[in-house]
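Colleague: Pasting protein.txt here (compact mmCIF, C-alpha atoms):
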# COMPACT_ATOMS: atom_id res chain seq x y z
CA MET B 6 89.44 100.39 14.91
CA THR B 7 92.91 99.19 13.93
CA GLY B 8 96.48 100.39 14.27
CA PRO B 9 99.81 99.30 15.73
CA ALA B 10 99.75 97.67 19.15
CA PHE B 11 101.23 99.47 22.15
CA ASP B 12 102.58 97.54 25.13
CA PHE B 13 104.53 98.59 28.18
CA CYS B 14 107.21 97.12 30.41
CA PHE B 15 107.78 98.13 34.03
CA LEU B 16 110.99 97.22 35.84
CA PRO B 17 109.62 95.62 39.03
CA ASN B 18 111.60 97.68 41.55
CA ALA B 19 108.53 98.92 43.46
CA PRO B 20 106.13 97.18 45.86
CA LEU B 21 104.04 94.44 44.24
CA ALA B 22 100.89 96.51 44.68
CA ASP B 23 102.36 99.22 42.41
CA THR B 24 102.86 96.71 39.61
CA VAL B 25 99.28 95.52 39.95
CA ASP B 26 98.01 99.11 39.92
CA LEU B 27 100.00 99.81 36.73
CA ALA B 28 98.51 96.73 35.11
CA ARG B 29 95.01 97.94 35.92
CA LEU B 30 95.86 101.39 34.58
CA GLY B 31 97.36 99.94 31.41
CA GLU B 32 94.25 97.85 30.86
CA SER B 33 91.99 100.88 31.29
CA LEU B 34 94.11 102.89 28.83
CA GLY B 35 93.98 100.21 26.14
CA TYR B 36 97.53 98.84 26.17
CA ARG B 37 97.81 95.37 24.64
CA THR B 38 100.30 93.72 27.02
CA MET B 39 102.12 94.46 30.25
CA TRP B 40 105.58 92.89 30.09
CA ILE B 41 107.29 91.94 33.34
CA PRO B 42 111.06 91.41 33.07
CA ASP B 43 113.15 88.79 34.83
CA GLN B 44 115.65 91.53 35.55
CA ASP B 45 118.47 91.74 38.08
CA PHE B 46 117.30 90.53 41.51
CA LEU B 47 113.99 92.33 41.81
CA HIS B 48 110.55 90.82 42.39
CA ASP B 49 110.08 87.46 40.69
CA PRO B 50 108.33 88.01 37.33
CA PHE B 51 106.24 84.86 37.53
CA VAL B 52 104.82 85.80 40.93
CA LEU B 53 104.07 89.30 39.63
CA ALA B 54 102.46 87.87 36.49
CA ALA B 55 100.15 85.74 38.62
CA ALA B 56 99.13 88.81 40.64
CA VAL B 57 98.55 90.84 37.47
CA ALA B 58 96.51 88.04 35.88
CA HIS B 59 94.32 87.82 38.98
CA ALA B 60 93.75 91.59 39.13
CA THR B 61 92.91 92.20 35.44
CA ASP B 62 90.54 90.85 32.80
CA ARG B 63 91.78 91.77 29.32
CA ILE B 64 95.36 93.03 29.18
CA GLY B 65 97.98 90.57 28.01
CA VAL B 66 100.46 89.28 30.59
CA GLY B 67 103.99 89.05 29.21
CA ILE B 68 107.18 87.63 30.69
CA GLY B 69 109.71 89.84 29.01
CA ILE B 70 112.13 88.20 29.27
CA THR B 71 113.36 85.20 31.20
CA THR B 72 116.29 83.05 30.19
CA PRO B 73 117.20 79.35 29.99
CA LEU B 74 120.70 80.40 31.04
CA THR B 75 119.49 80.78 34.65
CA ARG B 76 116.16 78.91 34.73
CA HIS B 77 115.76 75.32 33.64
CA SER B 78 113.61 74.93 30.53
CA ALA B 79 111.31 72.43 32.26
CA HIS B 80 110.58 74.95 35.02
CA ILE B 81 109.97 77.70 32.46
CA ALA B 82 107.53 75.49 30.56
CA ARG B 83 105.52 74.39 33.57
CA VAL B 84 105.21 77.86 35.07
CA ALA B 85 104.19 79.18 31.63
CA ALA B 86 101.50 76.51 31.36
CA SER B 87 100.25 77.37 34.85
CA LEU B 88 100.21 81.13 34.21
CA ASP B 89 98.44 80.76 30.90
CA GLU B 90 95.64 78.80 32.55
CA LEU B 91 95.49 81.22 35.50
CA SER B 92 95.29 84.26 33.21
CA GLY B 93 92.55 82.89 31.00
CA HIS B 94 95.04 82.34 28.17
CA ARG B 95 96.54 85.84 28.18
CA LEU B 96 100.18 84.85 28.64
CA THR B 97 102.98 85.69 26.22
CA LEU B 98 106.33 84.12 27.08
CA GLY B 99 109.53 86.00 26.29
CA LEU B 100 112.89 84.22 26.23
CA GLY B 101 116.44 85.37 25.54
CA SER B 102 119.98 85.36 26.84
CA GLY B 103 119.09 87.81 29.60
CA ASN B 104 121.55 90.22 31.12
CA ILE B 105 124.88 88.42 31.06
CA ASP B 106 126.90 90.91 33.12
CA HIS B 107 124.28 91.81 35.72
CA VAL B 108 122.44 88.48 36.17
CA VAL B 109 124.06 85.43 34.60
CA ARG B 110 127.65 85.93 35.82
CA PRO B 111 126.74 87.15 39.34
CA MET B 112 124.67 83.97 39.82
CA GLY B 113 127.65 81.83 38.90
CA PHE B 114 126.13 80.41 35.72
CA PRO B 115 128.35 79.95 32.65
CA ALA B 116 128.04 82.83 30.21
CA ALA B 117 129.67 81.26 27.15
CA GLY B 118 127.68 80.26 24.08
CA PRO B 119 124.40 82.04 24.89
CA LEU B 120 123.00 81.73 21.36
CA GLY B 121 123.18 77.96 21.29
CA ARG B 122 121.82 77.64 24.79
CA VAL B 123 118.89 79.94 24.03
CA ARG B 124 118.22 77.92 20.87
CA GLU B 125 118.17 74.71 22.90
CA GLY B 126 115.98 76.33 25.54
CA ILE B 127 113.43 77.50 22.97
CA ALA B 128 113.29 74.01 21.46
CA ALA B 129 112.80 72.36 24.85
CA VAL B 130 110.18 74.82 26.13
CA THR B 131 108.25 74.67 22.84
CA ALA B 132 108.25 70.87 22.80
CA LEU B 133 107.14 70.59 26.42
CA LEU B 134 104.29 73.05 25.87
CA ARG B 135 103.17 70.95 22.89
CA GLY B 136 102.86 67.95 25.21
CA GLU B 137 106.00 66.25 23.93
CA SER B 138 108.73 64.50 25.91
CA VAL B 139 112.18 66.07 26.16
CA SER B 140 115.48 64.46 27.09
CA PHE B 141 117.87 66.68 29.02
CA ALA B 142 120.60 64.06 29.53
CA ASP B 143 121.54 60.79 27.86
CA ASP B 144 121.37 58.83 31.12
CA ALA B 145 118.19 60.48 32.49
CA PRO B 146 114.50 59.73 31.90
CA ASP B 147 112.58 61.95 29.53
CA VAL B 148 110.57 64.88 30.92
CA ARG B 149 106.94 65.54 30.03
CA LEU B 150 104.61 68.14 31.54
CA GLY B 151 101.88 66.69 33.70
CA VAL B 152 99.43 69.46 32.84
CA GLU B 153 97.42 69.92 29.68
CA VAL B 154 98.23 73.00 27.59
CA THR B 155 95.16 73.86 25.55
CA ARG B 156 96.66 76.42 23.18
CA GLN B 157 99.97 77.43 21.62
CA ILE B 158 101.35 80.05 24.01
CA PRO B 159 102.93 82.89 21.98
CA LEU B 160 106.72 82.85 22.26
CA TYR B 161 108.73 86.05 21.80
CA LEU B 162 112.49 86.36 21.74
CA GLY B 163 114.37 89.32 23.19
CA ALA B 164 117.15 90.18 20.74
CA ARG B 165 119.51 92.85 19.51
CA GLY B 166 122.43 90.98 17.94
CA PRO B 167 122.07 89.69 14.36
CA LYS B 168 122.24 85.97 15.18
CA MET B 169 119.65 86.20 17.94
CA LEU B 170 117.40 88.26 15.67
CA GLU B 171 117.71 85.62 12.96
CA LEU B 172 116.87 82.95 15.53
CA ALA B 173 113.68 84.87 16.28
CA GLY B 174 112.75 84.66 12.63
CA ARG B 175 113.38 80.92 12.67
CA THR B 176 111.53 80.04 15.86
CA ALA B 177 109.42 82.77 17.49
CA ASP B 178 106.03 84.45 17.15
CA GLY B 179 107.53 87.82 17.97
CA VAL B 180 110.76 89.61 18.78
CA LEU B 181 111.44 92.34 21.33
CA VAL B 182 114.00 94.57 19.59
CA GLU B 183 115.61 96.65 22.30
CA SER B 184 116.66 100.27 21.74
CA LEU B 185 117.19 100.08 17.97
CA PHE B 186 114.71 102.74 16.83
CA ASN B 187 117.36 105.21 15.65
CA GLY B 188 119.43 105.30 12.47
CA GLY B 189 119.52 102.02 10.58
CA GLY B 190 118.82 99.89 13.65
CA MET B 191 115.28 98.81 12.87
CA GLU B 192 115.87 98.06 9.20
CA HIS B 193 118.82 95.88 10.17
CA ALA B 194 116.79 94.06 12.83
CA VAL B 195 113.88 93.43 10.47
CA GLY B 196 116.29 92.19 7.80
CA CYS B 197 117.81 89.67 10.22
CA VAL B 198 114.37 88.44 11.29
CA ARG B 199 113.31 88.14 7.66
CA SER B 200 116.46 86.15 6.88
CA GLY B 201 115.59 83.72 9.66
CA LEU B 202 112.06 83.34 8.32
CA GLU B 203 113.30 82.66 4.81
CA ARG B 204 115.91 80.13 5.90
CA SER B 205 113.42 78.26 8.05
CA GLY B 206 110.73 78.24 5.37
CA ARG B 207 108.18 79.60 7.82
CA SER B 208 105.30 81.61 6.36
CA THR B 209 104.06 83.11 9.63
CA ALA B 210 104.32 86.83 10.38
CA VAL B 211 106.64 87.76 13.23
CA ASP B 212 105.52 90.59 15.49
CA VAL B 213 108.53 92.93 15.55
CA VAL B 214 108.21 95.00 18.73
CA SER B 215 110.27 98.17 19.14
CA TRP B 216 111.22 97.65 22.80
CA GLN B 217 112.06 101.15 23.79
CA VAL B 218 112.29 103.73 26.54
CA VAL B 219 109.60 106.20 25.41
CA VAL B 220 108.89 109.31 27.43
CA VAL B 221 106.38 112.05 26.67
CA SER B 222 107.94 115.37 27.65
CA ASP B 223 107.28 119.04 27.03
CA ASP B 224 110.98 119.76 27.57
CA PRO B 225 112.94 116.74 26.27
CA ARG B 226 116.44 118.08 26.87
CA SER B 227 115.73 118.54 30.57
CA GLU B 228 115.07 114.79 30.83
CA LEU B 229 118.37 113.53 29.41
CA ASP B 230 120.37 113.35 32.65
CA ARG B 231 118.14 110.76 34.25
CA PHE B 232 118.78 108.32 31.39
CA ARG B 233 122.60 108.42 31.28
CA SER B 234 123.02 105.39 33.55
CA TRP B 235 120.47 103.45 31.47
CA VAL B 236 122.31 104.33 28.25
CA ALA B 237 125.65 103.35 29.78
CA ARG B 238 124.13 99.99 30.58
CA MET B 239 122.79 99.59 27.04
CA ILE B 240 126.23 100.44 25.67
CA GLN B 241 127.75 97.81 27.95
CA VAL B 242 125.24 95.17 26.84
CA GLY B 243 125.89 96.10 23.21
CA PRO B 244 126.82 94.63 20.89
CA PRO B 245 129.05 97.55 19.81
CA GLU B 246 128.01 97.30 16.17
CA ALA B 247 124.36 97.75 17.19
CA MET B 248 125.24 100.90 19.12
CA LEU B 249 127.18 102.29 16.16
CA ARG B 250 124.33 101.43 13.82
CA ILE B 251 121.87 103.58 15.78
CA GLY B 252 124.22 106.56 15.77
CA VAL B 253 126.28 106.37 18.98
CA GLU B 254 129.57 108.06 18.11
CA PRO B 255 132.58 105.70 18.08
CA GLU B 256 134.60 107.95 20.41
CA ASN B 257 131.83 108.07 23.01
CA LEU B 258 131.25 104.33 22.72
CA GLU B 259 134.94 103.61 23.25
CA ARG B 260 135.21 105.97 26.22
CA VAL B 261 132.15 104.59 28.02
CA LEU B 262 133.19 100.98 27.44
CA GLY B 263 136.72 101.71 28.65
CA LEU B 264 135.49 103.27 31.89
CA LEU B 265 133.09 100.39 32.48
CA ALA B 266 135.88 97.87 31.89
CA ASP B 267 137.92 99.65 34.56
CA GLY B 268 135.04 99.41 37.04
CA ARG B 269 134.40 103.16 36.94
CA ALA B 270 130.64 103.00 36.48
CA ALA B 271 129.87 106.49 37.81
CA GLU B 272 132.41 108.07 35.47
CA ALA B 273 131.06 106.01 32.57
CA THR B 274 127.57 107.36 33.26
CA ASP B 275 128.85 110.93 33.31
CA ALA B 276 130.73 110.30 30.05
CA VAL B 277 127.58 109.37 28.11
CA SER B 278 126.97 112.28 25.74
CA ASP B 279 123.61 113.96 25.11
CA GLU B 280 123.79 112.67 21.55
CA SER B 281 124.22 109.08 22.76
CA VAL B 282 121.26 109.41 25.10
CA GLN B 283 119.08 110.61 22.23
CA CYS B 284 120.20 107.65 20.09
CA VAL B 285 119.13 105.09 22.70
CA VAL B 286 116.03 106.52 24.39
CA LEU B 287 113.00 108.12 22.76
CA VAL B 288 112.18 111.24 24.79
CA ASP B 289 110.22 113.90 22.97
CA THR B 290 107.12 116.04 22.71
CA PRO B 291 103.83 114.36 21.74
CA ASP B 292 103.92 115.64 18.16
CA ARG B 293 107.55 114.61 17.66
CA LEU B 294 106.86 111.19 19.17
CA VAL B 295 104.12 110.64 16.61
CA GLU B 296 106.61 111.47 13.84
CA ARG B 297 109.40 109.33 15.23
CA ILE B 298 107.22 106.32 16.02
CA THR B 299 105.72 106.57 12.55
CA ALA B 300 109.25 106.34 11.16
CA VAL B 301 109.97 103.24 13.29
CA LEU B 302 106.81 101.58 11.99
CA GLU B 303 107.70 102.47 8.42
CA ARG B 304 111.06 100.75 8.95
CA GLY B 305 109.32 97.48 9.76
CA ALA B 306 108.29 97.46 13.43
CA ARG B 307 104.72 96.23 13.98
CA SER B 308 104.33 97.21 17.64
CA VAL B 309 105.93 99.43 20.28
CA SER B 310 106.53 98.64 23.94
CA LEU B 311 107.18 101.54 26.29
CA VAL B 312 109.95 100.49 28.68
CA SER B 313 110.22 102.18 32.08
CA SER B 314 112.74 101.96 34.90
CA ALA B 315 111.24 105.03 36.58
CA SER B 316 109.06 105.06 39.68
CA ALA B 317 105.53 103.69 39.49
CA GLU B 318 104.19 107.24 39.77
CA LEU B 319 106.25 108.57 36.85
CA THR B 320 105.46 105.44 34.82
CA ALA B 321 101.74 105.88 35.38
CA ARG B 322 101.92 109.52 34.36
CA ASN B 323 103.85 108.68 31.20
CA LEU B 324 101.56 105.80 30.22
CA THR B 325 98.56 108.09 30.61
CA ARG B 326 100.08 110.90 28.56
CA PHE B 327 101.15 108.52 25.80
CA ALA B 328 97.73 106.85 25.63
CA LYS B 329 95.93 110.20 25.45
CA GLU B 330 98.35 112.38 23.48
CA VAL B 331 100.29 110.03 21.17
CA ALA B 332 98.51 106.70 20.63
CA PRO B 333 95.30 108.22 19.15
CA ALA B 334 97.31 109.42 16.13
CA PHE B 335 97.83 105.76 15.17
CA THR B 336 94.21 104.63 15.41
CA THR B 337 92.49 104.30 12.06
CA ALA B 338 89.09 103.04 11.04
CA GLY B 339 89.19 99.51 9.72
The structure in this file should be written as structure tokens.
Modeller:
Amino acid sequence: MTGPAFDFCFLPNAPLADTVDLARLGESLGYRTMWIPDQDFLHDPFVLAAAVAHATDRIGVGIGITTPLTRHSAHIARVAASLDELSGHRLTLGLGSGNIDHVVRPMGFPAAGPLGRVREGIAAVTALLRGESVSFADDAPDVRLGVEVTRQIPLYLGARGPKMLELAGRTADGVLVESLFNGGGMEHAVGCVRSGLERSGRSTAVDVVSWQVVVVSDDPRSELDRFRSWVARMIQVGPPEAMLRIGVEPENLERVLGLLADGRAAEATDAVSDESVQCVVLVDTPDRLVERITAVLERGARSVSLVSSASAELTARNLTRFAKEVAPAFTTAG
């Protein structure tokens, strides 16, 4: 049986045991990969990934994403090599610029030039995992991993801006395209990835993953309030042109950004309109989700990852409903 792949991502804000239980549930329901983000200052994703790998047999273990802006590329490469061996070669490594405002700046790391630094990080991590030596400073010895990596670990790039999306096409096996399902977002993202592929001369297919809050609901409008803070955060992360491209109204975008710039986060959350919420998160009935996900796939996405910042209990309920009421519509004989 064939069809698009479905993954999920759980923000690790619950006890470690809850993450492990969700991984087991996801495996039993047929999800391809559980992505664990290196997000804010929650549980460490690499520790969680080791626990998930130990507790499961088949489901992919994804780091989605970590960043060379806060973690040294040599450390990323060696922990990736270790996790891939521990998991029985189920690891997928996601890299990107991370959350500049909520992670990079609070840790005191420089935030300028993220694209170039991510590009350098990808090059270093890739080379180290191929067994090559890497020089990180002119006056320092080269670095080489002291462990053998027996396969090419899939590398995905988290991206929403056009230059980062193009970089994914140039360098990555996949790209996690966050919250761009609406309007012309996905076509634009796929076009940028394709441009990177063409310019690099690569012939490989890039797995374009629609990285998306997806919620199965019998009463979608009643769910909107609990996503306003998430949408305000997405608007803050931007870039603004991406938000406009998916249908966020310019006036609402400007108002939310202005309140956030003034440090008025609660007011910014309240200012997010219903229409903006519906542009950024995918909350709908099972039948409508089938229609809307079909449209995302027709626009060029190859996979969908259900992103959740809800409790473990709500996440488990949603994963189960999606697997039983939505995913079967995309399974075809082949």
Colleague: How would you write as a ChimeraX atom specification the residues that get within 9 Å of (106.7, 94.2, 39.4) in the file's frame, counting only C-alpha atoms?
Modeller: /B:15-25,41-42,47-50,52-54
Colleague: Include C-alpha atoms and write out the residues we just selected as a PDB file, in the frame of the given file.
Modeller:
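Saved file again.pdb follows:
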ATOM      1  CA  PHE B  15     107.780  98.130  34.030  1.00  0.00           C
ATOM      2  CA  LEU B  16     110.990  97.220  35.840  1.00  0.00           C
ATOM      3  CA  PRO B  17     109.620  95.620  39.030  1.00  0.00           C
ATOM      4  CA  ASN B  18     111.600  97.680  41.550  1.00  0.00           C
ATOM      5  CA  ALA B  19     108.530  98.920  43.460  1.00  0.00           C
ATOM      6  CA  PRO B  20     106.130  97.180  45.860  1.00  0.00           C
ATOM      7  CA  LEU B  21     104.040  94.440  44.240  1.00  0.00           C
ATOM      8  CA  ALA B  22     100.890  96.510  44.680  1.00  0.00           C
ATOM      9  CA  ASP B  23     102.360  99.220  42.410  1.00  0.00           C
ATOM     10  CA  THR B  24     102.860  96.710  39.610  1.00  0.00           C
ATOM     11  CA  VAL B  25      99.280  95.520  39.950  1.00  0.00           C
ATOM     12  CA  ILE B  41     107.290  91.940  33.340  1.00  0.00           C
ATOM     13  CA  PRO B  42     111.060  91.410  33.070  1.00  0.00           C
ATOM     14  CA  LEU B  47     113.990  92.330  41.810  1.00  0.00           C
ATOM     15  CA  HIS B  48     110.550  90.820  42.390  1.00  0.00           C
ATOM     16  CA  ASP B  49     110.080  87.460  40.690  1.00  0.00           C
ATOM     17  CA  PRO B  50     108.330  88.010  37.330  1.00  0.00           C
ATOM     18  CA  VAL B  52     104.820  85.800  40.930  1.00  0.00           C
ATOM     19  CA  LEU B  53     104.070  89.300  39.630  1.00  0.00           C
ATOM     20  CA  ALA B  54     102.460  87.870  36.490  1.00  0.00           C
TER      21      ALA B  54
END
Colleague: Could you give me, as JSON lines, a per-residue list for region 235-324 of chain B showing, wherever an atom lies at most 12 Å from an atom of region 29-33 of chain B, the closest pair of atoms and their distance in Å to one decimal, using all atoms listed in the file and sorting by chain then residue number from low to high?
Modeller:
{"residue": "B:Ser310", "atom": "CA", "partner": "B:Gly31", "partner_atom": "CA", "distance": 11.9}
{"residue": "B:Leu311", "atom": "CA", "partner": "B:Gly31", "partner_atom": "CA", "distance": 11.2}
{"residue": "B:Ala317", "atom": "CA", "partner": "B:Leu30", "partner_atom": "CA", "distance": 11.1}
{"residue": "B:Glu318", "atom": "CA", "partner": "B:Leu30", "partner_atom": "CA", "distance": 11.4}
{"residue": "B:Thr320", "atom": "CA", "partner": "B:Gly31", "partner_atom": "CA", "distance": 10.4}
{"residue": "B:Ala321", "atom": "CA", "partner": "B:Leu30", "partner_atom": "CA", "distance": 7.4}
{"residue": "B:Arg322", "atom": "CA", "partner": "B:Leu30", "partner_atom": "CA", "distance": 10.1}
{"residue": "B:Asn323", "atom": "CA", "partner": "B:Gly31", "partner_atom": "CA", "distance": 10.9}
{"residue": "B:Leu324", "atom": "CA", "partner": "B:Gly31", "partner_atom": "CA", "distance": 7.3}
Colleague: What is the distance between CA of Glu183 (chain B) and CA of Glu303 (chain B), in Å to one decimal?
Modeller: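 The value is 17.0 Å.
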Colleague: Kindly indicate which residue among B:Asp43, B:Asp230, B:Asp178, B:Glu296 lies nearest to Ala332 (chain B), using only C-alpha atoms for the distances.
Modeller: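 Of B:Asp43, B:Asp230, B:Asp178, B:Glu296, the one nearest Ala332 (chain B), counting only C-alpha atoms, is B:Glu296.
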Colleague: Please list as a compact mmCIF listing (two decimals) with C-alpha atoms, in the frame of the given file every residue within 10 Å of Val213 (chain B), counting all atoms listed in the file and excluding residues in the same chain fewer than 6 positions away.
Modeller:
# COMPACT_ATOMS: atom_id res chain seq x y z
CA TYR B 161 108.73 86.05 21.80
CA LEU B 162 112.49 86.36 21.74
CA ALA B 173 113.68 84.87 16.28
CA GLY B 174 112.75 84.66 12.63
CA ASP B 178 106.03 84.45 17.15
CA GLY B 179 107.53 87.82 17.97
CA VAL B 180 110.76 89.61 18.78
CA LEU B 181 111.44 92.34 21.33
CA VAL B 182 114.00 94.57 19.59
CA MET B 191 115.28 98.81 12.87
CA ALA B 194 116.79 94.06 12.83
CA VAL B 195 113.88 93.43 10.47
CA VAL B 198 114.37 88.44 11.29
CA LEU B 302 106.81 101.58 11.99
CA GLY B 305 109.32 97.48 9.76
CA ALA B 306 108.29 97.46 13.43
CA ARG B 307 104.72 96.23 13.98
CA SER B 308 104.33 97.21 17.64
CA VAL B 309 105.93 99.43 20.28
Colleague: Quote the spacing between CA of Pro73 (chain B) and CA of Val123 (chain B) in Å to one decimal place.
Modeller: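 One can read the CA of Pro73 (chain B) to CA of Val123 (chain B) distance as 6.2 Å.
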Colleague: Distance CA of Asn257 (chain B)-CA of Ala276 (chain B), one decimal place?
Modeller: 7.5 Å
Colleague: Between B:Thr155, B:Ser281, B:Thr97, B:Ser313, which is the closest to Ile68 (chain B) once you count all atoms listed in the file?
Modeller: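 The shortest atom-to-atom distance to Ile68 (chain B) comes from B:Thr97.
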Colleague: Give me the residues near region 289-292 of chain B as a PyMOL selection string, where near means some atom within 9 Å (using all atoms listed in the file) and where sequence neighbours in that chain fewer than 3 positions away do not count.
Modeller: chain B and resi 219-226+295-297+326-327+330-331
Colleague: Which of these, B:Thr325, B:Ser200, B:Thr209, B:Ser278, has the shortest distance to Ala237 (chain B) once you count all atoms listed in the file?
Modeller: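 With all atoms listed in the file as the atom set, the closest residue is B:Ser278.
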Colleague: Hey, which of B:Ile64, B:Leu265, B:Ala117, B:Ala328 ends up closest to Val242 (chain B)? Count all atoms listed in the file.
Modeller: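 Closest to Val242 (chain B) of all the choices is B:Leu265.
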Colleague: Can you list, as number ranges by chain, every protein, DNA or RNA residue that comes within 12 Å of region 84-89 of chain B when you count only C-alpha atoms, leaving out same-chain residues fewer than 3 positions away?
Modeller: B: 50-59, 65-68, 71, 76-81, 92-100, 130-131, 133-136, 150-160
Colleague: What lies within 12 Å of Gly206 (chain B) using all atoms listed in the file, ignoring chain neighbours under 4 positions off, as a ChimeraX atom specification?
Modeller: /B:174-176,199-202,210
Colleague: So which one's closest to Ile240 (chain B), B:Ser140, B:Gln217, B:Thr274, B:Asn187? Using all atoms listed in the file, please.
Modeller: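 Of B:Ser140, B:Gln217, B:Thr274, B:Asn187, the one nearest Ile240 (chain B) is B:Thr274, counting all atoms listed in the file.
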Colleague: Residues within 10 Å of Ser234 (chain B), please, as a list in words. Count all atoms listed in the file; anything in the same chain fewer than 6 positions from it doesn't count.
Modeller: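 In the requested form, the answer reads Ile240, Ala270, Ala271, Glu272, Ala273, Thr274, Asp275, Ala276, Val277 and Val282 of chain B.
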Colleague: Just need the box for region 205-221 of chain B, edges along x, y and z, holding every atom the file lists for it with 3 Å tacked onto each side, so centre and edge lengths in Å to one decimal, as AutoDock Vina command-line options.
Modeller:
--center_x 108.7 --center_y 95.1 --center_z 16.4 --size_x 15.4 --size_y 39.8 --size_z 28.1
Colleague: Mind filling out region 142-153 of chain B with N, CA, C and O atoms and sending it as a short mmCIF file (atom, residue, chain, number, x, y, z; two decimals), in the coordinates of the input?
Modeller:
data_model
loop_
_atom_site.label_atom_id
_atom_site.label_comp_id
_atom_site.auth_asym_id
_atom_site.auth_seq_id
_atom_site.Cartn_x
_atom_site.Cartn_y
_atom_site.Cartn_z
N ALA B 142 119.31 64.74 29.33
CA ALA B 142 120.60 64.06 29.53
C ALA B 142 120.47 62.64 29.01
O ALA B 142 119.41 62.02 29.10
N ASP B 143 121.57 62.12 28.46
CA ASP B 143 121.54 60.79 27.86
C ASP B 143 121.18 59.71 28.86
O ASP B 143 120.55 58.70 28.51
N ASP B 144 121.58 59.88 30.12
CA ASP B 144 121.37 58.83 31.12
C ASP B 144 120.21 59.15 32.06
O ASP B 144 120.10 58.58 33.14
N ALA B 145 119.31 60.09 31.64
CA ALA B 145 118.19 60.48 32.49
C ALA B 145 116.87 60.20 31.78
O ALA B 145 116.81 60.22 30.53
N PRO B 146 115.81 59.94 32.53
CA PRO B 146 114.50 59.73 31.90
C PRO B 146 114.04 60.99 31.19
O PRO B 146 114.44 62.11 31.54
N ASP B 147 113.16 60.80 30.21
CA ASP B 147 112.58 61.95 29.53
C ASP B 147 111.66 62.72 30.47
O ASP B 147 111.14 62.18 31.45
N VAL B 148 111.46 64.00 30.15
CA VAL B 148 110.57 64.88 30.92
C VAL B 148 109.35 65.21 30.07
O VAL B 148 109.47 65.53 28.89
N ARG B 149 108.18 65.13 30.68
CA ARG B 149 106.94 65.54 30.03
C ARG B 149 106.09 66.29 31.05
O ARG B 149 106.01 65.90 32.22
N LEU B 150 105.47 67.40 30.62
CA LEU B 150 104.61 68.14 31.54
C LEU B 150 103.42 67.28 31.95
O LEU B 150 102.84 66.57 31.12
N GLY B 151 103.04 67.42 33.21
CA GLY B 151 101.88 66.69 33.70
C GLY B 151 100.61 67.50 33.69
O GLY B 151 99.62 67.12 34.31
N VAL B 152 100.63 68.63 32.99
CA VAL B 152 99.43 69.46 32.84
C VAL B 152 99.11 69.60 31.36
O VAL B 152 100.00 69.55 30.51
N GLU B 153 97.84 69.76 31.07
CA GLU B 153 97.42 69.92 29.68
C GLU B 153 97.50 71.38 29.27
O GLU B 153 96.99 72.26 29.97
#
